[in-house]
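Report on one structure; see the data block that follows.
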Amino acid sequence: MGEIVLSVKGLKTYFYTKSGVVPAVDGLDLELERGETLGIVGESGCGKSTAALSIMGLIPSTEGRVEQGEILFKGRNLVTLPRVEMRKIRGREISMVFQEPMTSLNPVLTIGRQVAEVFVVHRGLNQREALKETIKMLSLVGLPMPELRLREYSHQLSGGMRQRVMIAMALACKPDVLIADEPTSALDVTVQAQILQLINELKERLGTAIILITHDLGVVAEAAEKVLVMYAGKAVEYSDVNGIFDNPEHPYTKGLLASIPGHKKHGQRLDVMEGSTPNPGDHSGGCRFYPRCRYARGICRTSEPELFDLGGGHLCACHFV
Amino acid sequence: MQRSMLEVKKLKKYYPAKGPGFLKARTATKAVDGVDFTLDCGETLGLVGESGCGKSTLARLIVGLIKPTEGDIYFEGRSISDMTRGDMRRVRRDIQFVFQDPYASLNPRMTVGNIVGEPLKIHRLVKDKYRKDRIRELFDLVGLEPQHMSRYPHQLSSGQRQRIGIARALAVSPRLIVCDEPVSALDVSVQAQIINLLQDLKQRLGLTYLFIAHDLGVIGHISDRVAVMYMGRIVEIAHRDRLFGSPAHPYTKALLSATPAAHPKHRKERRIPEGEVTGSGCLNGGCRFRNRCPGAVPLCDEAEPELFDLGGGHLCACHRVKGTHRF
Ligand SMILES: Nc1ncnc2c1ncn2[C@@H]1O[C@H](COP(=O)(O)OP(=O)(O)O)[C@@H](O)[C@H]1O
Ligand SMILES: [Mg+2]
């Protein structure tokens, strides 16, 4: 087993809204090994982005906060780290790429300025050195003619190119951990394939550990080594990627896999899970998947199953597995 | 022989560009730029392509939300543009639309019961006193409970809202439904429910679908035939098994190759085309895919390839495929 670079224990992140408390992440555990890609998969609203923002220390304090739990990174607990310390880690040792690069790039600054800024702020380089590094980084992420791109603005780039720039900025300081939150969900499938390939190549090259967040099991099959399946703010299953596809254990994971349509299933009815994903907090005590589970029995309503090791590091939270 | 329900010939839709007049003609957005296909009674034709390739514009042309710049649409053999107003109104009922984003297409201030009932009222299809019964019937058809009738769109889940969108389309008893990315905004578990529903409805009501999606998994699951669109044109059209089993056009091959594996063991060495779709209009003459195509030859710069038949209704628009094909 490799060295653990990041471990999250019992994480609870709650939002406080006019209509009440939203327990978006509600007891999440995960471990990330150096140099591996962990796919976090689940349907919308299950808390994937909230988990990512919690690790980054980016939950806006006006909206919510980490209530409980630890985020351990290189021997330090990020939850209790003073803000100035966290700012040094963010973008340098742990960085993040978002789904919509358009909104995360500054529209009035040139691409060159924005990427160079990372080198100036985090690596203390002067403008000239920073510019040189910027060109190197932009060509590393496959931006054609990087020298020319320096003076362009984000709206002049295509969606795929913007995502490449975001990745360049995120990897500029060779972070230990890159969190990519639906990095390809807004992109066309041919561009998605290019970006996934790029992320894979850079990981090999720089040894970065990656948390790849997605709702798409195809992306997981393509790019992850380990997989964590989330449902209603918690992990319900964790395994290496083959285990998830060959021997899914949790009824929700099985349901997700059975829901995927495809040419080979033409004409067949898809084996569907009834109902829809719950709102955070819409459960009372028992298993969160209980209302949609075809195997549910009495105990599932009254007691919440914990993650349990089935052997070989394949974890599952279900009373009947 | 199946009868064709819909036939589209040389259909074009150009949007004039903003800017100085003398440049307009050259920079017009050619959203749909010469599309031909037929749709048989009872079949599902899948239309797949990446964003901006003209899928939605084509859909909107067919349901009559916008007028073509050029070309014709025939419904049951008759050109829609030549129809009398009365016939036209009937055709507008026969062809219905299901949108991608049910939320944006439902009036937030109306109860969903009234939303589904509105087409009945507009087209005066049932007497007022029977309207409620018909709405209840429609709710039942799409798997909603009668008590949902008095809710507002925001009180329903996204899957339930898409069911409302479908019920509203079914209200006027259409024969052809154009579905524009009806499941693309949904979570996979809900997407699966809606796919099953659309398939059930097709069987029960004998519907014909033009089904648009960018996801090849969804397209392959639901379609009998598949058309692949690239920058305003159909580049390949074939029976589903042919298209997935032996694609001919380099763009279709690229799409299939770029689609993520269904299983980690099938991760493949890909041949992903470089670059991205460029704005239409900047490639005057020649094949639209040539700048991304691994096999482009000089002819591809010179002439725009037309669809030709590889046999068995498998059409492809590529000079090289045509050049190497044995007739
Ligand atoms: N700033 C916020 N204020 C209130 N609720 C929020 C906020 N951000 C997210 N949520 C809620 O938390 C839940 C989890 O959201 P999110 O982490 O975005 O899930 P995912 O990324 O898996 O789709 C959702 O119900 C969402 O509405
Ligand atoms: Mg998210």
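To be explicit about the labels: the chains of the structure tokens are called A, B, and onward in the order shown, and within each one the residues are counted from 1, while ligands get numbers from 1 in the order they are shown.
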Exercise for review: Could I get the residue neighbourhood of ligand 2 at 7 Å, counting only C-alpha atoms and all ligand atoms, as JSON, numbers by chain?
Suggested key: {"A": [44, 45, 48, 49, 181, 182]}
Could you save the residues just selected, with all heavy atoms, as a PDB file, in the first residue's frame?
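So result-v5.pdb came out as:
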```pdb
ATOM      1  N   SER A  44     -26.385  14.021  -8.631  1.00  0.00           N
ATOM      2  CA  SER A  44     -26.288  15.409  -8.202  1.00  0.00           C
ATOM      3  C   SER A  44     -26.882  15.599  -6.808  1.00  0.00           C
ATOM      4  O   SER A  44     -27.856  14.957  -6.432  1.00  0.00           O
ATOM      5  CB  SER A  44     -26.968  16.339  -9.204  1.00  0.00           C
ATOM      6  OG  SER A  44     -28.301  15.973  -9.354  1.00  0.00           O
ATOM      7  N   GLY A  45     -26.255  16.454  -6.050  1.00  0.00           N
ATOM      8  CA  GLY A  45     -26.741  16.751  -4.710  1.00  0.00           C
ATOM      9  C   GLY A  45     -26.268  15.796  -3.641  1.00  0.00           C
ATOM     10  O   GLY A  45     -26.626  15.948  -2.477  1.00  0.00           O
ATOM     11  N   LYS A  48     -20.758  15.755  -3.399  1.00  0.00           N
ATOM     12  CA  LYS A  48     -19.416  15.639  -3.961  1.00  0.00           C
ATOM     13  C   LYS A  48     -18.679  16.979  -3.933  1.00  0.00           C
ATOM     14  O   LYS A  48     -17.557  17.080  -3.441  1.00  0.00           O
ATOM     15  CB  LYS A  48     -19.482  15.122  -5.413  1.00  0.00           C
ATOM     16  CG  LYS A  48     -20.237  13.818  -5.588  1.00  0.00           C
ATOM     17  CD  LYS A  48     -20.245  13.337  -7.031  1.00  0.00           C
ATOM     18  CE  LYS A  48     -21.001  14.225  -8.018  1.00  0.00           C
ATOM     19  NZ  LYS A  48     -22.435  14.344  -7.782  1.00  0.00           N
ATOM     20  N   SER A  49     -19.343  18.005  -4.472  1.00  0.00           N
ATOM     21  CA  SER A  49     -18.678  19.312  -4.537  1.00  0.00           C
ATOM     22  C   SER A  49     -18.445  19.883  -3.151  1.00  0.00           C
ATOM     23  O   SER A  49     -17.414  20.510  -2.889  1.00  0.00           O
ATOM     24  CB  SER A  49     -19.513  20.301  -5.352  1.00  0.00           C
ATOM     25  OG  SER A  49     -19.612  19.872  -6.674  1.00  0.00           O
ATOM     26  N   ASP A 181     -13.304  18.685 -10.067  1.00  0.00           N
ATOM     27  CA  ASP A 181     -14.742  18.516  -9.840  1.00  0.00           C
ATOM     28  C   ASP A 181     -15.491  18.589 -11.168  1.00  0.00           C
ATOM     29  O   ASP A 181     -15.652  19.658 -11.728  1.00  0.00           O
ATOM     30  CB  ASP A 181     -15.242  19.622  -8.891  1.00  0.00           C
ATOM     31  CG  ASP A 181     -16.688  19.373  -8.449  1.00  0.00           C
ATOM     32  OD1 ASP A 181     -17.279  18.354  -8.861  1.00  0.00           O
ATOM     33  OD2 ASP A 181     -17.217  20.213  -7.692  1.00  0.00           O
ATOM     34  N   GLU A 182     -15.911  17.463 -11.658  1.00  0.00           N
ATOM     35  CA  GLU A 182     -16.597  17.373 -12.953  1.00  0.00           C
ATOM     36  C   GLU A 182     -15.828  18.148 -14.024  1.00  0.00           C
ATOM     37  O   GLU A 182     -16.399  18.979 -14.729  1.00  0.00           O
ATOM     38  CB  GLU A 182     -18.037  17.926 -12.841  1.00  0.00           C
ATOM     39  CG  GLU A 182     -18.855  17.324 -11.710  1.00  0.00           C
ATOM     40  CD  GLU A 182     -19.768  16.193 -12.164  1.00  0.00           C
ATOM     41  OE1 GLU A 182     -19.664  15.758 -13.330  1.00  0.00           O
ATOM     42  OE2 GLU A 182     -20.576  15.726 -11.336  1.00  0.00           O
TER      43      GLU A 182
END
```
Point to revise | All residues 8 Å or closer to Gly207 in chain A, only C-alpha atoms, same chain fewer than 4 positions away omitted, as a ChimeraX atom specification | key: /A:34-35,176,202-203
Point to revise | From B:Arg161, B:His239, B:Lys265, B:Lys30, residue lying nearest Gly54 in chain B [only C-alpha atoms] | key: B:Lys30
**Study point:** Expected answer as a PyMOL selection string: chain A residues within 8 Å of chain B, only C-alpha atoms
**Key:** chain A and resi 43-44+158+160+188-194+215+217-222+241-242+245+255-256+259-267+269-276
Output C-alpha atoms of each residue in that selection to a file, as a PDB file, in the first residue's frame.
```
ATOM      1  CA  GLU A  43     -25.750  11.691  -8.513  1.00  0.00           C
ATOM      2  CA  SER A  44     -26.288  15.409  -8.202  1.00  0.00           C
ATOM      3  CA  SER A 158     -12.781  27.194 -26.630  1.00  0.00           C
ATOM      4  CA  GLY A 160     -11.483  22.620 -23.940  1.00  0.00           C
ATOM      5  CA  ASP A 188     -18.099  17.550 -25.715  1.00  0.00           C
ATOM      6  CA  VAL A 189     -17.155  13.907 -25.704  1.00  0.00           C
ATOM      7  CA  THR A 190     -14.149  14.231 -28.018  1.00  0.00           C
ATOM      8  CA  VAL A 191     -12.810  17.091 -25.903  1.00  0.00           C
ATOM      9  CA  GLN A 192     -13.588  15.172 -22.713  1.00  0.00           C
ATOM     10  CA  ALA A 193     -11.421  12.324 -23.977  1.00  0.00           C
ATOM     11  CA  GLN A 194      -8.578  14.760 -24.655  1.00  0.00           C
ATOM     12  CA  HIS A 215     -21.552  11.757 -11.946  1.00  0.00           C
ATOM     13  CA  LEU A 217     -19.419   6.070 -14.322  1.00  0.00           C
ATOM     14  CA  GLY A 218     -17.881   6.095 -17.783  1.00  0.00           C
ATOM     15  CA  VAL A 219     -15.395   8.737 -16.669  1.00  0.00           C
ATOM     16  CA  VAL A 220     -14.607   6.609 -13.627  1.00  0.00           C
ATOM     17  CA  ALA A 221     -14.101   3.494 -15.765  1.00  0.00           C
ATOM     18  CA  GLU A 222     -11.806   5.497 -17.965  1.00  0.00           C
ATOM     19  CA  VAL A 241     -12.115   0.346  -9.967  1.00  0.00           C
ATOM     20  CA  ASN A 242     -12.382  -3.244 -11.179  1.00  0.00           C
ATOM     21  CA  PHE A 245     -17.516  -2.753 -12.069  1.00  0.00           C
ATOM     22  CA  GLY A 255     -28.540   0.306  -9.431  1.00  0.00           C
ATOM     23  CA  LEU A 256     -26.297   2.964 -10.932  1.00  0.00           C
ATOM     24  CA  SER A 259     -29.198   2.372 -15.145  1.00  0.00           C
ATOM     25  CA  ILE A 260     -26.588   3.045 -17.806  1.00  0.00           C
ATOM     26  CA  PRO A 261     -28.124   2.770 -21.260  1.00  0.00           C
ATOM     27  CA  GLY A 262     -26.148   1.466 -24.195  1.00  0.00           C
ATOM     28  CA  HIS A 263     -26.212   0.154 -27.689  1.00  0.00           C
ATOM     29  CA  LYS A 264     -25.774  -3.413 -26.455  1.00  0.00           C
ATOM     30  CA  LYS A 265     -28.881  -3.119 -24.299  1.00  0.00           C
ATOM     31  CA  HIS A 266     -31.013  -1.863 -27.174  1.00  0.00           C
ATOM     32  CA  GLY A 267     -34.688  -2.519 -26.764  1.00  0.00           C
ATOM     33  CA  ARG A 269     -35.965  -2.150 -20.348  1.00  0.00           C
ATOM     34  CA  LEU A 270     -33.405  -0.645 -18.045  1.00  0.00           C
ATOM     35  CA  ASP A 271     -33.486  -2.048 -14.569  1.00  0.00           C
ATOM     36  CA  VAL A 272     -34.345   1.127 -12.709  1.00  0.00           C
ATOM     37  CA  MET A 273     -34.216   2.307  -9.122  1.00  0.00           C
ATOM     38  CA  GLU A 274     -37.518   3.864  -8.223  1.00  0.00           C
ATOM     39  CA  GLY A 275     -37.759   7.353  -6.817  1.00  0.00           C
ATOM     40  CA  SER A 276     -35.126  10.031  -7.003  1.00  0.00           C
TER      41      SER A 276
END
```
Check your understanding: Skipping near chain neighbours, those fewer than 3 positions away, what residues fall within 10 Å of Glu33 in chain A using only C-alpha atoms, listed as an MDAnalysis selection string?
Key -> chainID A and resid 1:7 36:38 177 208:210 226
Now that the selection is made, can you save its residues with all heavy atoms as a short mmCIF file (atom, residue, chain, number, x, y, z; two decimals), in the first residue's frame?
```
data_model
loop_
_atom_site.label_atom_id
_atom_site.label_comp_id
_atom_site.auth_asym_id
_atom_site.auth_seq_id
_atom_site.Cartn_x
_atom_site.Cartn_y
_atom_site.Cartn_z
N MET A 1 0.83 -1.20 0.00
CA MET A 1 0.00 0.00 0.00
C MET A 1 0.87 1.25 0.00
O MET A 1 1.88 1.32 0.68
CB MET A 1 -0.90 0.00 1.23
CG MET A 1 -2.33 0.32 0.84
SD MET A 1 -3.51 0.36 2.20
CE MET A 1 -3.21 1.89 2.99
N GLY A 2 0.43 2.19 -0.77
CA GLY A 2 1.19 3.43 -0.89
C GLY A 2 0.98 4.34 0.30
O GLY A 2 0.18 4.06 1.18
N GLU A 3 1.72 5.41 0.29
CA GLU A 3 1.62 6.38 1.38
C GLU A 3 0.32 7.18 1.23
O GLU A 3 -0.07 7.57 0.14
CB GLU A 3 2.84 7.31 1.24
CG GLU A 3 2.88 8.43 2.24
CD GLU A 3 3.79 9.55 1.73
OE1 GLU A 3 4.53 9.32 0.75
OE2 GLU A 3 3.73 10.64 2.30
N ILE A 4 -0.35 7.40 2.36
CA ILE A 4 -1.59 8.17 2.32
C ILE A 4 -1.26 9.67 2.34
O ILE A 4 -0.59 10.13 3.26
CB ILE A 4 -2.46 7.86 3.57
CG1 ILE A 4 -2.72 6.36 3.70
CG2 ILE A 4 -3.75 8.66 3.55
CD1 ILE A 4 -3.71 5.81 2.76
N VAL A 5 -1.69 10.41 1.34
CA VAL A 5 -1.42 11.84 1.38
C VAL A 5 -2.56 12.63 1.99
O VAL A 5 -2.35 13.69 2.58
CB VAL A 5 -1.16 12.48 -0.01
CG1 VAL A 5 0.22 12.19 -0.47
CG2 VAL A 5 -2.18 12.08 -1.03
N LEU A 6 -3.75 12.11 1.83
CA LEU A 6 -4.90 12.87 2.34
C LEU A 6 -5.86 11.88 2.96
O LEU A 6 -6.15 10.84 2.38
CB LEU A 6 -5.58 13.60 1.18
CG LEU A 6 -6.79 14.45 1.54
CD1 LEU A 6 -6.33 15.77 2.15
CD2 LEU A 6 -7.65 14.73 0.32
N SER A 7 -6.32 12.20 4.16
CA SER A 7 -7.35 11.33 4.70
C SER A 7 -8.43 12.16 5.39
O SER A 7 -8.14 13.13 6.09
CB SER A 7 -6.72 10.26 5.60
OG SER A 7 -6.86 10.58 6.94
N GLU A 36 -2.28 8.28 -6.84
CA GLU A 36 -3.41 7.54 -7.39
C GLU A 36 -4.55 8.48 -7.79
O GLU A 36 -4.60 9.63 -7.38
CB GLU A 36 -3.94 6.51 -6.37
CG GLU A 36 -4.84 7.11 -5.31
CD GLU A 36 -5.45 6.07 -4.38
OE1 GLU A 36 -5.19 4.87 -4.56
OE2 GLU A 36 -6.19 6.48 -3.47
N THR A 37 -5.45 7.95 -8.60
CA THR A 37 -6.66 8.69 -8.93
C THR A 37 -7.84 8.04 -8.25
O THR A 37 -8.15 6.87 -8.49
CB THR A 37 -6.90 8.72 -10.45
OG1 THR A 37 -5.78 9.32 -11.08
CG2 THR A 37 -8.15 9.52 -10.79
N LEU A 38 -8.48 8.81 -7.37
CA LEU A 38 -9.68 8.33 -6.70
C LEU A 38 -10.88 8.97 -7.36
O LEU A 38 -10.99 10.20 -7.41
CB LEU A 38 -9.63 8.73 -5.21
CG LEU A 38 -10.93 8.51 -4.42
CD1 LEU A 38 -11.21 7.02 -4.23
CD2 LEU A 38 -10.88 9.21 -3.06
N VAL A 177 -1.90 17.07 -4.34
CA VAL A 177 -3.27 16.63 -4.60
C VAL A 177 -3.95 17.60 -5.56
O VAL A 177 -3.88 18.81 -5.39
CB VAL A 177 -4.08 16.56 -3.29
CG1 VAL A 177 -5.53 16.20 -3.58
CG2 VAL A 177 -3.47 15.57 -2.31
N THR A 208 1.13 13.47 -9.14
CA THR A 208 0.06 14.08 -8.36
C THR A 208 -1.03 13.06 -8.04
O THR A 208 -1.39 12.25 -8.90
CB THR A 208 -0.59 15.21 -9.19
OG1 THR A 208 0.44 15.98 -9.78
CG2 THR A 208 -1.49 16.08 -8.35
N ALA A 209 -1.55 13.10 -6.82
CA ALA A 209 -2.72 12.28 -6.51
C ALA A 209 -3.96 13.08 -6.92
O ALA A 209 -4.01 14.29 -6.74
CB ALA A 209 -2.78 11.98 -5.02
N ILE A 210 -4.93 12.38 -7.48
CA ILE A 210 -6.08 13.09 -8.03
C ILE A 210 -7.38 12.60 -7.43
O ILE A 210 -7.60 11.38 -7.29
CB ILE A 210 -6.12 12.92 -9.57
CG1 ILE A 210 -4.88 13.57 -10.17
CG2 ILE A 210 -7.39 13.53 -10.16
CD1 ILE A 210 -4.73 13.36 -11.66
N LYS A 226 -9.15 3.97 -7.92
CA LYS A 226 -10.04 3.62 -6.80
C LYS A 226 -11.34 4.39 -7.01
O LYS A 226 -11.35 5.44 -7.65
CB LYS A 226 -9.42 4.06 -5.48
CG LYS A 226 -8.04 3.49 -5.22
CD LYS A 226 -8.13 2.11 -4.62
CE LYS A 226 -6.75 1.50 -4.43
NZ LYS A 226 -5.87 2.33 -3.61
#
```
**Study point:** Protein and nucleic residues near ligand 1, 9 Å, only C-alpha atoms and all ligand atoms, as a ChimeraX atom specification
**Key:** /A:13-17,21-25,41-53,59-60,62-64,181-182,213-215,230-233,278-281
**Study point:** Residue set, range 33-188 of chain A restricted to strand (DSSP E), as a list in words
**Key:**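 Everything in range 33-188 of chain A that counts as strand (DSSP E) is Glu33, Thr37, Leu38, Gly39, Ile40, Val41, Gly64, Arg65, Val66, Glu67, Gln68, Gly69, Glu70, Ile71, Leu72, Phe73, Arg76, Asn77, Ile94, Ser95, Met96, Val97, Val177, Leu178, Ile179, Ala180 and Asp181 of chain A.
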Exercise for review: Quick one: everything within 8 Å of range 2-16 of chain B, counting only C-alpha atoms, minus sequence neighbours fewer than 2 positions away in the same chain. Send it as an NGL selection string.
Suggested key: :B and (18 or 24-25 or 27-41 or 57 or 67-77)
Point to revise | Pick from B:Ala171, B:Leu210, B:Met110, B:Cys318 nearest to Lys55 in chain B, counting only C-alpha atoms | key: B:Leu210
Point to revise | Filtered DSSP result for range 207-288 of chain B, state helix (DSSP H, G or I), as a PyMOL selection string | key: chain B and resi 216-222+240-245+250-258+264-266
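When the distance limit is 8 Å and only C-alpha atoms are what count, the residues near Ala235 in chain A, minus those fewer than 4 positions from it on the same chain, are A:Leu28, A:Asp29, A:Leu228, A:Val229, A:Met230, A:Tyr231, A:Leu307, A:Ala317.
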Point to revise | Shell around Val236 in chain A at 12 Å using only C-alpha atoms, local window under 6 positions removed, as a count of residues only | key: 37
**Study point:** Residue contacts of range 98-108 of chain B (8 Å, only C-alpha atoms) excluding same-chain residues fewer than 3 positions away, as a PyMOL selection string
**Key:** chain B and resi 111+115+152-154+158+161-162+164-166+169+177-185
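Across B:Ala238, B:Leu47, B:Ala248, B:Gly285, the tightest approach to Thr324 in chain B is made by B:Ala248 when counting only C-alpha atoms.
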